[in-house]
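Before any comments, here is the structure.
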Amino acid sequence: MSIESNYQKQRANGSWTLFHDEGDGNLSATIEAYYALLFSGLKLKHDPKMQLARKFIISKGGLHQANTFTKIMLAISGQYKWPENIQIPIEFILLPNSFIVNLFDLSVFSRANFIPILMLADYNYSINKIDAPDLSDLLEGREDVLFTDDPDYRSIVNLVKEGVQSLMSLPEEAHEAALSKAEQYMMGRIEPDGTLLSYFSSTFLMIFALLARGYKKEHPIITQAVQGLKSMVCKIDGDHHVQYTTANVWNTTLISYALQEAGIGHQEAVVQKANRYLLSRQHTKFGDWAIHNSRALPGGWGFSHINTMNPDVDDTSAALRAFRSAAQTNHHYLQSWKLGIQWIMSMQNDDGGWPAFERNVDKQFLTWLPIEEAQDILIDPSSADLTGRTLHFLGESTTLEHHHPVIQKGINWLLDHQEDAGYWPGRWGIYYLYGTWAAVTGMVSAGVNIKHPAIQKALRWILSIQNKDGGWGESCRSDKEKRYIPLKTSTRTHTAWAIDALIAASKRVTPEIKNGIDFLTSNNEQEDWVHHYPKGKGMAGAFYIHYHSYDLIWPLLALSHYQKKFG
């Protein structure tokens, strides 16, 4: 966003937050906003609001208490020390896939960011910009290492070091080989627009890692990467924002499907145009996903329009769901449809659930590594939302029998992972409402009887948290604190998820369903922050996603399902 817009979002206590009800402020967000404002030169340290920000940062422990990614950004810009002894050396990436822990045991998101970070830390790289603001006055309190210093992780770090030591008969050669392999890993995953796997953070880090390797700023790879980052700038409500990645594919799949569920035929121009676009974005080449899924052919879809090698299960099922009607009458779509279904089914984890990007990247001991919210970053395990939505697709849109082993394994995973309160957590949405909606609608579509105890338990929980206005709302704090926390106001998206689950598992219109429908169809005036409240999750407490179309898509789907079922 613009400097002035950023400035205007500061709270009275000097802090910045990631969402409306985030307590008294987010330390890392405040540090980044404070630094950006000073770096721009448009605000100075003696500005009263900057003094408030500084006071807040110091009150929370200063730079030492920031999250890992903030510290890395500060280290690159010369404001924070790289650790003298890297806990995980760059040689880690040389460990073979047969070793108990290796590079491809990390999630694709983690690898894309972790590799340039290890390179930067190895080179102790920082920019010495003479006119950069000095944040040394914020380095108060206990000096910390770059990563969180927690003794619980030492066993996994020691395991990595033992593996690395076995490669060190020629230390200098191994070191250079590791740096070269890291460089080649990044080079082999640059998208046509110059970004590293279409992520802003990994591309940002790659640029500096290549500079550390001796690349000139004018090198074509760096200039194209910079242009790729610039292309992620978009304008929202008259203000400029930088997207973490573009969401063209995801948005198109959901909007097209919602329109069709609402009665727009697949022969209509708007649907045909969307279908042609989606057909053009199906992946045709192997990516890292094939390392753990070597027998499958390409056939998935990615989240971003610039993504050509990093497909995911959710976008793939959403794309197929959107052009299922076209696949019945057009052989081009039918071939695409078959490849997509084969890819989705091949991606099922051994435990029966579905991941987002890669099979069986779920070694829980990796979460002992000293990185905040490691569960969200380092691994890609089965989740309720991916498993539920995949079951919903297979049950509603394919001819797969409900007793098929793939479906039964998915159902069993969900049954085994329902929490005592009756809900399921979501991985990519907020949070228990999202996971529970996906699990309930998925199981019902896959043939689970609505009277099943797990379904009934989930419904009782959903009904117990309905607001007096007929709607539902959940705070982003739920995913941080790992317990349901109400937002204390209803949102259209959360209400749509709850209502859709109730519709799927009900034989008649209940008063609770009627009240929810009334909320969605009323002309209720909502405060601006409610409409802009994040509904998507990237990393608990650090990264949330604003899907600006969600307040239209999900209510339209819920209302369409209500009309189809109850008239």
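If you're wondering about the labels, chains in the structure tokens are A, B, ... by order shown, residues count from 1 in each chain, ligands from 1 in order shown.
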
Item to check | stretch 491-504 of chain A surroundings by only C-alpha atoms, 7 Å radius, close-in-sequence under 2 positions cut, as an MDAnalysis selection string | outcome: chainID A and resid 433:434 437 440:441 444 459 462 471:473 489 506 513 516 520 530 550:551 554:555 558 562

Go ahead and dump the residues you just picked, N, CA and C atoms, as a PDB file, in the first residue's frame.
ATOM      1  N   LEU A 433     -14.653 -22.647  11.385  1.00  0.00           N
ATOM      2  CA  LEU A 433     -15.830 -22.629  10.515  1.00  0.00           C
ATOM      3  C   LEU A 433     -15.472 -23.107   9.118  1.00  0.00           C
ATOM      4  N   TYR A 434     -14.325 -22.693   8.633  1.00  0.00           N
ATOM      5  CA  TYR A 434     -13.892 -23.101   7.292  1.00  0.00           C
ATOM      6  C   TYR A 434     -13.633 -24.603   7.234  1.00  0.00           C
ATOM      7  N   TRP A 437     -17.021 -26.579   7.754  1.00  0.00           N
ATOM      8  CA  TRP A 437     -17.847 -26.515   6.533  1.00  0.00           C
ATOM      9  C   TRP A 437     -17.333 -27.483   5.481  1.00  0.00           C
ATOM     10  N   VAL A 440     -17.904 -31.250   6.664  1.00  0.00           N
ATOM     11  CA  VAL A 440     -19.307 -31.682   6.650  1.00  0.00           C
ATOM     12  C   VAL A 440     -19.818 -31.823   5.221  1.00  0.00           C
ATOM     13  N   THR A 441     -19.627 -30.811   4.397  1.00  0.00           N
ATOM     14  CA  THR A 441     -20.129 -30.880   3.022  1.00  0.00           C
ATOM     15  C   THR A 441     -19.415 -31.968   2.241  1.00  0.00           C
ATOM     16  N   VAL A 444     -20.848 -35.509   3.504  1.00  0.00           N
ATOM     17  CA  VAL A 444     -22.219 -35.727   3.029  1.00  0.00           C
ATOM     18  C   VAL A 444     -22.215 -36.037   1.532  1.00  0.00           C
ATOM     19  N   LEU A 459     -22.745 -30.243  13.550  1.00  0.00           N
ATOM     20  CA  LEU A 459     -23.903 -29.351  13.419  1.00  0.00           C
ATOM     21  C   LEU A 459     -24.238 -28.687  14.750  1.00  0.00           C
ATOM     22  N   ILE A 462     -21.840 -25.849  15.210  1.00  0.00           N
ATOM     23  CA  ILE A 462     -22.158 -24.714  14.330  1.00  0.00           C
ATOM     24  C   ILE A 462     -23.349 -23.935  14.884  1.00  0.00           C
ATOM     25  N   GLY A 471     -26.329 -14.604  11.750  1.00  0.00           N
ATOM     26  CA  GLY A 471     -25.084 -14.879  11.050  1.00  0.00           C
ATOM     27  C   GLY A 471     -24.032 -15.528  11.927  1.00  0.00           C
ATOM     28  N   TRP A 472     -22.857 -15.688  11.353  1.00  0.00           N
ATOM     29  CA  TRP A 472     -21.706 -16.248  12.050  1.00  0.00           C
ATOM     30  C   TRP A 472     -20.489 -15.367  11.779  1.00  0.00           C
ATOM     31  N   GLY A 473     -19.524 -15.399  12.695  1.00  0.00           N
ATOM     32  CA  GLY A 473     -18.267 -14.678  12.492  1.00  0.00           C
ATOM     33  C   GLY A 473     -17.190 -15.241  13.390  1.00  0.00           C
ATOM     34  N   THR A 489     -19.080 -10.185  15.628  1.00  0.00           N
ATOM     35  CA  THR A 489     -19.948  -9.628  14.598  1.00  0.00           C
ATOM     36  C   THR A 489     -20.016 -10.659  13.485  1.00  0.00           C
ATOM     37  N   SER A 506     -29.136 -31.215   6.371  1.00  0.00           N
ATOM     38  CA  SER A 506     -30.493 -31.061   6.896  1.00  0.00           C
ATOM     39  C   SER A 506     -31.518 -31.511   5.867  1.00  0.00           C
ATOM     40  N   ILE A 513     -31.416 -22.155   9.957  1.00  0.00           N
ATOM     41  CA  ILE A 513     -31.112 -21.962   8.537  1.00  0.00           C
ATOM     42  C   ILE A 513     -31.846 -20.737   8.008  1.00  0.00           C
ATOM     43  N   GLY A 516     -30.189 -17.611   9.078  1.00  0.00           N
ATOM     44  CA  GLY A 516     -28.947 -17.402   8.335  1.00  0.00           C
ATOM     45  C   GLY A 516     -29.205 -16.893   6.932  1.00  0.00           C
ATOM     46  N   LEU A 520     -28.106 -13.271   5.064  1.00  0.00           N
ATOM     47  CA  LEU A 520     -27.435 -13.126   3.778  1.00  0.00           C
ATOM     48  C   LEU A 520     -28.220 -12.280   2.796  1.00  0.00           C
ATOM     49  N   VAL A 530     -15.372  -4.959   8.619  1.00  0.00           N
ATOM     50  CA  VAL A 530     -15.973  -6.295   8.559  1.00  0.00           C
ATOM     51  C   VAL A 530     -15.854  -6.847   7.141  1.00  0.00           C
ATOM     52  N   TYR A 550     -14.857 -13.051  -1.865  1.00  0.00           N
ATOM     53  CA  TYR A 550     -15.482 -14.080  -1.033  1.00  0.00           C
ATOM     54  C   TYR A 550     -16.875 -13.690  -0.536  1.00  0.00           C
ATOM     55  N   ASP A 551     -17.057 -12.420  -0.188  1.00  0.00           N
ATOM     56  CA  ASP A 551     -18.355 -11.988   0.337  1.00  0.00           C
ATOM     57  C   ASP A 551     -19.461 -12.044  -0.711  1.00  0.00           C
ATOM     58  N   TRP A 554     -19.315 -16.958  -1.805  1.00  0.00           N
ATOM     59  CA  TRP A 554     -19.841 -17.970  -0.892  1.00  0.00           C
ATOM     60  C   TRP A 554     -21.312 -17.756  -0.542  1.00  0.00           C
ATOM     61  N   PRO A 555     -21.770 -16.512  -0.336  1.00  0.00           N
ATOM     62  CA  PRO A 555     -23.216 -16.332  -0.149  1.00  0.00           C
ATOM     63  C   PRO A 555     -24.023 -16.778  -1.369  1.00  0.00           C
ATOM     64  N   ALA A 558     -24.220 -20.554  -1.233  1.00  0.00           N
ATOM     65  CA  ALA A 558     -25.112 -21.027  -0.173  1.00  0.00           C
ATOM     66  C   ALA A 558     -26.581 -20.802  -0.547  1.00  0.00           C
ATOM     67  N   TYR A 562     -29.438 -23.627  -1.209  1.00  0.00           N
ATOM     68  CA  TYR A 562     -30.698 -23.543  -0.459  1.00  0.00           C
ATOM     69  C   TYR A 562     -31.892 -23.638  -1.412  1.00  0.00           C
TER      70      TYR A 562
END

Checklist entry - Looking only at the backbone, which of the residues in stretch 178-314 of chain A does DSSP tag as alpha helix (DSSP H), as a ChimeraX atom specification? => result /A:178-187,200-212,220-230,248-261,269-280,313-314

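Near A:Trp354, within 6 Å and counting only C-alpha atoms, sit Gln348, Ser382, Leu386 and Thr387 of chain A; same-chain residues fewer than 6 positions away were not included.
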
Take the residues just selected and output them with C-alpha atoms as a PDB file, in the first residue's frame.
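As written to disk, out19.pdb reads:
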ATOM      1  CA  GLN A 348      -3.902 -38.549  -1.669  1.00  0.00           C
ATOM      2  CA  SER A 382      -3.398 -33.597   5.263  1.00  0.00           C
ATOM      3  CA  LEU A 386      -8.371 -29.957   1.480  1.00  0.00           C
ATOM      4  CA  THR A 387      -9.739 -33.399   2.336  1.00  0.00           C
TER       5      THR A 387
END

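The coordinates place atom CA of A:Trp529 at 28.7 Å from atom CA of A:Ser383.
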
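Atom CA of A:Met119 is found 13.3 Å from atom CA of A:Leu94.
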
Item to check | Among the residues A:Gly14, A:Gly470, A:Gly353, A:Gly429, the one that comes closest to A:His417 [using only C-alpha atoms] | outcome: A:Gly353

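Every protein or nucleic acid residue with an atom no more than 9 Å from A:Arg11, counting only C-alpha atoms and leaving out same-chain residues fewer than 5 positions away, appears here: Trp16, Thr17, Asp24 and Gly25 of chain A.
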
Could you save those same residues with all heavy atoms as a compact mmCIF listing (two decimals), in the first residue's frame?
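What follows is the written file part_7.txt:
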# COMPACT_ATOMS: atom_id res chain seq x y z
N TRP A 16 0.67 -1.30 14.52
CA TRP A 16 -0.09 -1.75 13.35
C TRP A 16 -0.56 -3.18 13.62
O TRP A 16 0.07 -3.90 14.41
CB TRP A 16 0.76 -1.72 12.09
CG TRP A 16 0.88 -0.38 11.44
CD1 TRP A 16 0.16 0.09 10.38
CD2 TRP A 16 1.81 0.67 11.78
NE1 TRP A 16 0.56 1.36 10.05
CE2 TRP A 16 1.57 1.75 10.88
CE3 TRP A 16 2.79 0.81 12.75
CZ2 TRP A 16 2.29 2.93 10.93
CZ3 TRP A 16 3.51 2.00 12.82
CH2 TRP A 16 3.25 3.04 11.91
N THR A 17 -1.65 -3.56 12.99
CA THR A 17 -2.18 -4.91 13.17
C THR A 17 -2.41 -5.57 11.82
O THR A 17 -2.48 -4.89 10.79
CB THR A 17 -3.51 -4.88 13.94
OG1 THR A 17 -4.45 -4.10 13.19
CG2 THR A 17 -3.35 -4.31 15.32
N ASP A 24 -3.53 -5.66 21.18
CA ASP A 24 -2.98 -4.30 21.22
C ASP A 24 -1.98 -4.02 20.11
O ASP A 24 -1.36 -2.96 20.07
CB ASP A 24 -2.33 -4.02 22.58
CG ASP A 24 -1.17 -4.96 22.89
OD1 ASP A 24 -0.96 -5.91 22.12
OD2 ASP A 24 -0.46 -4.73 23.90
N GLY A 25 -1.78 -4.98 19.19
CA GLY A 25 -0.91 -4.71 18.05
C GLY A 25 -0.02 -5.87 17.70
O GLY A 25 0.20 -6.78 18.51

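Here the question is which of A:Glu32, A:Asp385, A:Asp239, A:Glu162 gets nearest to A:Thr436 using only C-alpha atoms, and that residue is A:Asp385.
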
Checklist entry - Skipping near chain neighbours, those fewer than 6 positions away, what residues fall within 9 Å of A:Leu394 using only C-alpha atoms, listed as an NGL selection string? => result :A and (317 or 341 or 400 or 402 or 407 or 442 or 445-446)

Export of prior selection with all heavy atoms as a PDB file, in the first residue's frame:
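To be explicit, this is the file written out as again.pdb:
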ATOM      1  N   SER A 317      -9.230 -29.259  -8.015  1.00  0.00           N
ATOM      2  CA  SER A 317     -10.631 -29.681  -7.866  1.00  0.00           C
ATOM      3  C   SER A 317     -11.578 -28.536  -8.193  1.00  0.00           C
ATOM      4  O   SER A 317     -12.647 -28.748  -8.772  1.00  0.00           O
ATOM      5  CB  SER A 317     -10.890 -30.202  -6.448  1.00  0.00           C
ATOM      6  OG  SER A 317     -10.840 -29.173  -5.491  1.00  0.00           O
ATOM      7  N   ILE A 341      -8.448 -35.368 -12.793  1.00  0.00           N
ATOM      8  CA  ILE A 341      -8.945 -36.321 -11.797  1.00  0.00           C
ATOM      9  C   ILE A 341      -7.863 -37.324 -11.420  1.00  0.00           C
ATOM     10  O   ILE A 341      -7.675 -37.649 -10.243  1.00  0.00           O
ATOM     11  CB  ILE A 341     -10.203 -37.040 -12.317  1.00  0.00           C
ATOM     12  CG1 ILE A 341     -11.379 -36.050 -12.349  1.00  0.00           C
ATOM     13  CG2 ILE A 341     -10.546 -38.241 -11.441  1.00  0.00           C
ATOM     14  CD1 ILE A 341     -12.663 -36.643 -12.850  1.00  0.00           C
ATOM     15  N   LEU A 400     -17.399 -41.643  -9.327  1.00  0.00           N
ATOM     16  CA  LEU A 400     -16.715 -42.530  -8.393  1.00  0.00           C
ATOM     17  C   LEU A 400     -17.696 -43.031  -7.336  1.00  0.00           C
ATOM     18  O   LEU A 400     -18.441 -42.247  -6.728  1.00  0.00           O
ATOM     19  CB  LEU A 400     -15.564 -41.773  -7.713  1.00  0.00           C
ATOM     20  CG  LEU A 400     -14.371 -42.586  -7.218  1.00  0.00           C
ATOM     21  CD1 LEU A 400     -13.667 -43.276  -8.374  1.00  0.00           C
ATOM     22  CD2 LEU A 400     -13.387 -41.673  -6.491  1.00  0.00           C
ATOM     23  N   HIS A 402     -19.232 -44.353  -3.876  1.00  0.00           N
ATOM     24  CA  HIS A 402     -18.944 -43.924  -2.510  1.00  0.00           C
ATOM     25  C   HIS A 402     -18.113 -44.938  -1.739  1.00  0.00           C
ATOM     26  O   HIS A 402     -17.425 -44.574  -0.780  1.00  0.00           O
ATOM     27  CB  HIS A 402     -20.249 -43.633  -1.758  1.00  0.00           C
ATOM     28  CG  HIS A 402     -20.954 -42.414  -2.252  1.00  0.00           C
ATOM     29  ND1 HIS A 402     -22.275 -42.133  -1.960  1.00  0.00           N
ATOM     30  CD2 HIS A 402     -20.521 -41.384  -3.040  1.00  0.00           C
ATOM     31  CE1 HIS A 402     -22.626 -40.996  -2.541  1.00  0.00           C
ATOM     32  NE2 HIS A 402     -21.576 -40.527  -3.205  1.00  0.00           N
ATOM     33  N   ILE A 407     -12.241 -42.713  -1.577  1.00  0.00           N
ATOM     34  CA  ILE A 407     -13.233 -41.949  -0.831  1.00  0.00           C
ATOM     35  C   ILE A 407     -13.315 -42.424   0.614  1.00  0.00           C
ATOM     36  O   ILE A 407     -13.368 -41.612   1.552  1.00  0.00           O
ATOM     37  CB  ILE A 407     -14.609 -42.038  -1.524  1.00  0.00           C
ATOM     38  CG1 ILE A 407     -14.594 -41.174  -2.799  1.00  0.00           C
ATOM     39  CG2 ILE A 407     -15.735 -41.600  -0.588  1.00  0.00           C
ATOM     40  CD1 ILE A 407     -15.893 -41.135  -3.547  1.00  0.00           C
ATOM     41  N   GLY A 442     -18.125 -32.176   2.541  1.00  0.00           N
ATOM     42  CA  GLY A 442     -17.380 -33.235   1.854  1.00  0.00           C
ATOM     43  C   GLY A 442     -17.882 -34.618   2.213  1.00  0.00           C
ATOM     44  O   GLY A 442     -18.105 -35.461   1.332  1.00  0.00           O
ATOM     45  N   SER A 445     -21.426 -35.286   0.757  1.00  0.00           N
ATOM     46  CA  SER A 445     -21.345 -35.521  -0.691  1.00  0.00           C
ATOM     47  C   SER A 445     -20.754 -36.889  -1.003  1.00  0.00           C
ATOM     48  O   SER A 445     -21.068 -37.484  -2.036  1.00  0.00           O
ATOM     49  CB  SER A 445     -20.494 -34.438  -1.362  1.00  0.00           C
ATOM     50  OG  SER A 445     -21.098 -33.176  -1.236  1.00  0.00           O
ATOM     51  N   ALA A 446     -19.899 -37.388  -0.091  1.00  0.00           N
ATOM     52  CA  ALA A 446     -19.243 -38.678  -0.305  1.00  0.00           C
ATOM     53  C   ALA A 446     -20.057 -39.840   0.262  1.00  0.00           C
ATOM     54  O   ALA A 446     -19.558 -40.967   0.298  1.00  0.00           O
ATOM     55  CB  ALA A 446     -17.860 -38.660   0.321  1.00  0.00           C
TER      56      ALA A 446
END

Once you count only C-alpha atoms, what closest atom pair and distance in Å to one decimal does each residue of stretch 79-133 of chain A within 12 Å of stretch 284-293 of chain A have, with rows by chain and rising residue number, as a tab-separated table?
residue	atom	partner	partner_atom	distance
A:Asn97	CA	A:Ile291	CA	9.4
A:Ser98	CA	A:Ile291	CA	12.0
A:Leu103	CA	A:Asp288	CA	11.1
A:Phe104	CA	A:Ile291	CA	7.9
A:Asp105	CA	A:His292	CA	9.5
A:Leu106	CA	A:Asp288	CA	11.2
A:Ser107	CA	A:Trp289	CA	9.9
A:Val108	CA	A:Asp288	CA	7.6
A:Phe109	CA	A:Asp288	CA	11.1
A:Arg111	CA	A:Asp288	CA	10.4
A:Ala112	CA	A:Asp288	CA	11.0

Go ahead and write the residues just picked, N, CA and C atoms, as an mmCIF file, in the first residue's frame.
data_model
loop_
_atom_site.group_PDB
_atom_site.id
_atom_site.type_symbol
_atom_site.label_atom_id
_atom_site.label_comp_id
_atom_site.auth_asym_id
_atom_site.auth_seq_id
_atom_site.Cartn_x
_atom_site.Cartn_y
_atom_site.Cartn_z
ATOM 1 N N ASN A 97 17.914 -37.822 -0.767
ATOM 2 C CA ASN A 97 16.503 -38.045 -0.460
ATOM 3 C C ASN A 97 16.290 -39.266 0.421
ATOM 4 N N SER A 98 17.283 -40.157 0.469
ATOM 5 C CA SER A 98 17.180 -41.347 1.302
ATOM 6 C C SER A 98 17.478 -41.064 2.769
ATOM 7 N N LEU A 103 15.993 -32.061 2.022
ATOM 8 C CA LEU A 103 15.367 -30.848 1.497
ATOM 9 C C LEU A 103 13.920 -31.072 1.084
ATOM 10 N N PHE A 104 13.636 -32.211 0.468
ATOM 11 C CA PHE A 104 12.296 -32.433 -0.064
ATOM 12 C C PHE A 104 11.324 -32.999 0.971
ATOM 13 N N ASP A 105 11.773 -33.043 2.220
ATOM 14 C CA ASP A 105 10.841 -33.280 3.322
ATOM 15 C C ASP A 105 10.188 -31.982 3.768
ATOM 16 N N LEU A 106 10.727 -30.866 3.334
ATOM 17 C CA LEU A 106 10.135 -29.559 3.615
ATOM 18 C C LEU A 106 9.073 -29.254 2.569
ATOM 19 N N SER A 107 8.092 -28.453 2.928
ATOM 20 C CA SER A 107 7.064 -28.063 1.971
ATOM 21 C C SER A 107 7.671 -27.220 0.862
ATOM 22 N N VAL A 108 6.998 -27.153 -0.268
ATOM 23 C CA VAL A 108 7.508 -26.388 -1.408
ATOM 24 C C VAL A 108 7.625 -24.913 -1.056
ATOM 25 N N PHE A 109 6.687 -24.396 -0.272
ATOM 26 C CA PHE A 109 6.760 -22.999 0.166
ATOM 27 C C PHE A 109 7.997 -22.789 1.028
ATOM 28 N N ARG A 111 10.800 -24.615 1.070
ATOM 29 C CA ARG A 111 12.028 -24.724 0.263
ATOM 30 C C ARG A 111 12.301 -23.437 -0.507
ATOM 31 N N ALA A 112 11.254 -22.897 -1.110
ATOM 32 C CA ALA A 112 11.425 -21.712 -1.953
ATOM 33 C C ALA A 112 11.968 -20.529 -1.175
#

Item to check | atom CA of A:Leu320 to atom CA of A:Gly340, distance in Å rounded to a single decimal | outcome: 7.1 Å

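Looking only at stretch 197-303 of chain A, the set that DSSP places in strand (DSSP E or B) from backbone geometry is A:Val233, A:Cys234, A:Lys235, A:Ile236, A:Asp239, A:His240, A:His241, A:Val242, A:Trp301.
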
With N, CA, C and O atoms retained, could you export that selection as a CSV table (one decimal), in the first residue's frame?
chain,number,residue,atom,x,y,z
A,233,VAL,N,1.7,-5.7,-8.1
A,233,VAL,CA,1.1,-4.5,-7.6
A,233,VAL,C,-0.3,-4.4,-8.2
A,233,VAL,O,-0.5,-4.5,-9.4
A,234,CYS,N,-1.3,-4.2,-7.3
A,234,CYS,CA,-2.7,-4.0,-7.8
A,234,CYS,C,-3.3,-2.8,-7.1
A,234,CYS,O,-2.8,-2.3,-6.1
A,235,LYS,N,-4.4,-2.4,-7.6
A,235,LYS,CA,-5.1,-1.2,-7.0
A,235,LYS,C,-6.4,-1.6,-6.4
A,235,LYS,O,-7.2,-2.3,-7.0
A,236,ILE,N,-6.6,-1.3,-5.1
A,236,ILE,CA,-7.8,-1.7,-4.4
A,236,ILE,C,-8.3,-0.4,-3.7
A,236,ILE,O,-7.6,0.2,-2.9
A,239,ASP,N,-6.1,2.5,-3.8
A,239,ASP,CA,-4.8,2.5,-3.2
A,239,ASP,C,-4.0,1.3,-3.7
A,239,ASP,O,-4.6,0.3,-4.1
A,240,HIS,N,-2.7,1.5,-3.8
A,240,HIS,CA,-1.9,0.4,-4.4
A,240,HIS,C,-1.5,-0.6,-3.3
A,240,HIS,O,-1.1,-0.2,-2.2
A,241,HIS,N,-1.6,-1.9,-3.6
A,241,HIS,CA,-1.1,-3.0,-2.8
A,241,HIS,C,-0.2,-3.9,-3.5
A,241,HIS,O,-0.4,-4.0,-4.7
A,242,VAL,N,0.6,-4.6,-2.8
A,242,VAL,CA,1.4,-5.6,-3.4
A,242,VAL,C,0.9,-7.0,-3.0
A,242,VAL,O,0.8,-7.3,-1.8
A,301,TRP,N,-3.8,-27.7,-11.5
A,301,TRP,CA,-3.8,-26.3,-11.7
A,301,TRP,C,-3.1,-25.6,-10.5
A,301,TRP,O,-3.2,-26.2,-9.4

Return as JSON lines the residues of stretch 72-116 of chain A lying at most 12 Å from stretch 189-208 of chain A, together with the closest atom-to-atom pair for each and the distance in Å to one decimal, counting only C-alpha atoms, with rows in chain order and ascending residue number.
{"residue": "A:Ile72", "atom": "CA", "partner": "A:Leu205", "partner_atom": "CA", "distance": 9.3}
{"residue": "A:Met73", "atom": "CA", "partner": "A:Leu205", "partner_atom": "CA", "distance": 8.7}
{"residue": "A:Ala75", "atom": "CA", "partner": "A:Phe208", "partner_atom": "CA", "distance": 11.4}
{"residue": "A:Ile76", "atom": "CA", "partner": "A:Phe208", "partner_atom": "CA", "distance": 7.8}
{"residue": "A:Ser77", "atom": "CA", "partner": "A:Phe208", "partner_atom": "CA", "distance": 10.2}
{"residue": "A:Val108", "atom": "CA", "partner": "A:Leu197", "partner_atom": "CA", "distance": 9.0}
{"residue": "A:Phe109", "atom": "CA", "partner": "A:Ser202", "partner_atom": "CA", "distance": 8.3}
{"residue": "A:Ser110", "atom": "CA", "partner": "A:Ser202", "partner_atom": "CA", "distance": 9.1}
{"residue": "A:Arg111", "atom": "CA", "partner": "A:Ser202", "partner_atom": "CA", "distance": 9.0}
{"residue": "A:Ala112", "atom": "CA", "partner": "A:Ser202", "partner_atom": "CA", "distance": 5.6}
{"residue": "A:Asn113", "atom": "CA", "partner": "A:Ser202", "partner_atom": "CA", "distance": 4.7}
{"residue": "A:Phe114", "atom": "CA", "partner": "A:Ser202", "partner_atom": "CA", "distance": 8.3}
{"residue": "A:Ile115", "atom": "CA", "partner": "A:Met206", "partner_atom": "CA", "distance": 8.5}
{"residue": "A:Pro116", "atom": "CA", "partner": "A:Met206", "partner_atom": "CA", "distance": 5.5}

May I have the selected residues written with C-alpha atoms, as a CSV table (one decimal), in the first residue's frame?
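In the end it all went to part27.csv:
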chain,number,residue,atom,x,y,z
A,72,ILE,CA,15.8,-11.7,7.9
A,73,MET,CA,14.6,-8.6,6.1
A,75,ALA,CA,19.5,-8.6,8.4
A,76,ILE,CA,19.5,-8.1,4.6
A,77,SER,CA,19.2,-4.3,5.1
A,108,VAL,CA,7.5,-26.4,-1.4
A,109,PHE,CA,6.8,-23.0,0.2
A,110,SER,CA,9.4,-23.6,2.8
A,111,ARG,CA,12.0,-24.7,0.3
A,112,ALA,CA,11.4,-21.7,-2.0
A,113,ASN,CA,12.1,-19.3,0.9
A,114,PHE,CA,14.5,-21.4,3.0
A,115,ILE,CA,17.1,-22.0,0.3
A,116,PRO,CA,17.8,-18.3,-0.4

Checklist entry - Nearest to A:Arg295: which of A:Ala12, A:Lys338, A:Met347, A:Val270 is it, counting only C-alpha atoms? => result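 Nearest to A:Arg295: A:Met347.
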